[in-house]
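Participant: The structure under discussion is supplied below as structure tokens; questions concerning it will follow.
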Amino acid sequence: MTDPMRLPGTIAPDDLDANAITPPLADPVETMGTDFYVSWTDYHQAIERLALRVHRSGWQFDSLVCLARGGLRVGDVLSRLFRKRLAILSVSSYGGDLGRDRGELAFAHSLSMVGDRLGPRLLVVDDLADSGATLQASVQWLRDRYDLAEIRTAALWVKGCSVIVPDYYDRPLPHNPWIHQPFERYETLDLAALDRAHSRDE
């Protein structure tokens, strides 16, 4: 019977240990031009493939940290699949009207988490290694503040220009396209227009 709540093409939780499921090799994504568009289905499949890469590596970690905002959804799904509490490190490097202007890194004063124990084996997740500066600096931020035995990193996509290659990733993007993620529309969506659209459906 088909699960009505299951997204098309996604993997059910019980499938994680099925021998028949093997995530495809992380082949480079060839894009024509400078833009790479990701649908919601593509996005969730990428998260599931990333989870399987970590799972099949056999590495056991104690804590999970996501980098906000981009890594929030990735971290949420991984925390549920691996049954780990999720800690959140807020860090920003992009600004401007469309969020495309890269500036100086700005970190939160503290890590948001339940309890005071982190690690000693830590997985840090984000959606993207773009320049790699955010992921690299975040790892150092955590090392400077916590007694950690090992940190590994994971991201959905890694660009060719990144100064760091995550330990786990789903797809390399060697031609450095701008990634259009499915939630990008909310960054420019006008609330009054949204209200009118929903009012017509009521």
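Starting from 1 in every chain, residues are counted up; chains themselves are A, B, ... following the order of the structure tokens, and ligands are numbered from 1 as listed.
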Which residues come within 9 Å of region 61-71 of chain A, counting only C-alpha atoms, excluding same-chain residues fewer than 2 positions away, as a VMD selection string?
Facilitator: chain A and resid 59 73 to 76 78 to 79 84 to 92 111 113 117 to 128 134 to 135 138 150 to 152 155
Participant: Which residues of region 101-197 of chain A come within 8 Å of region 33-37 of chain A, and what is each one's closest atom pair and distance in Å (one decimal), counting only C-alpha atoms, sorted by chain and residue number, as JSON lines?
Facilitator:
```
{"residue": "A:His175", "atom": "CA", "partner": "A:Thr34", "partner_atom": "CA", "distance": 7.9}
{"residue": "A:Asn176", "atom": "CA", "partner": "A:Thr34", "partner_atom": "CA", "distance": 7.4}
{"residue": "A:Pro177", "atom": "CA", "partner": "A:Thr34", "partner_atom": "CA", "distance": 4.4}
{"residue": "A:Trp178", "atom": "CA", "partner": "A:Asp35", "partner_atom": "CA", "distance": 4.8}
{"residue": "A:Ile179", "atom": "CA", "partner": "A:Phe36", "partner_atom": "CA", "distance": 4.8}
{"residue": "A:His180", "atom": "CA", "partner": "A:Tyr37", "partner_atom": "CA", "distance": 4.8}
{"residue": "A:Gln181", "atom": "CA", "partner": "A:Tyr37", "partner_atom": "CA", "distance": 6.5}
```
Participant: Can you tell me, as a PyMOL selection string, what residues are no more than 8 Å from Ala133 (chain A) when counting only C-alpha atoms, ignoring any on the same chain fewer than 6 positions away?
Facilitator: chain A and resi 162-164
Participant: CA of Ala154 (chain A) and CA of Arg53 (chain A), how far apart in Å?
Facilitator: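 Taking CA of Arg53 (chain A) and CA of Ala154 (chain A), their separation equals 9.4 Å.
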Participant: Work out how far CA of Pro166 (chain A) is from CA of Pro182 (chain A), in Å to one decimal.
Facilitator: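 Interatomic distance, CA of Pro182 (chain A) to CA of Pro166 (chain A): 22.6 Å.
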Participant: Report, in Å to a single decimal, how far apart CA of Leu156 (chain A) and CA of Ile47 (chain A) are.
Facilitator: 6.6 Å
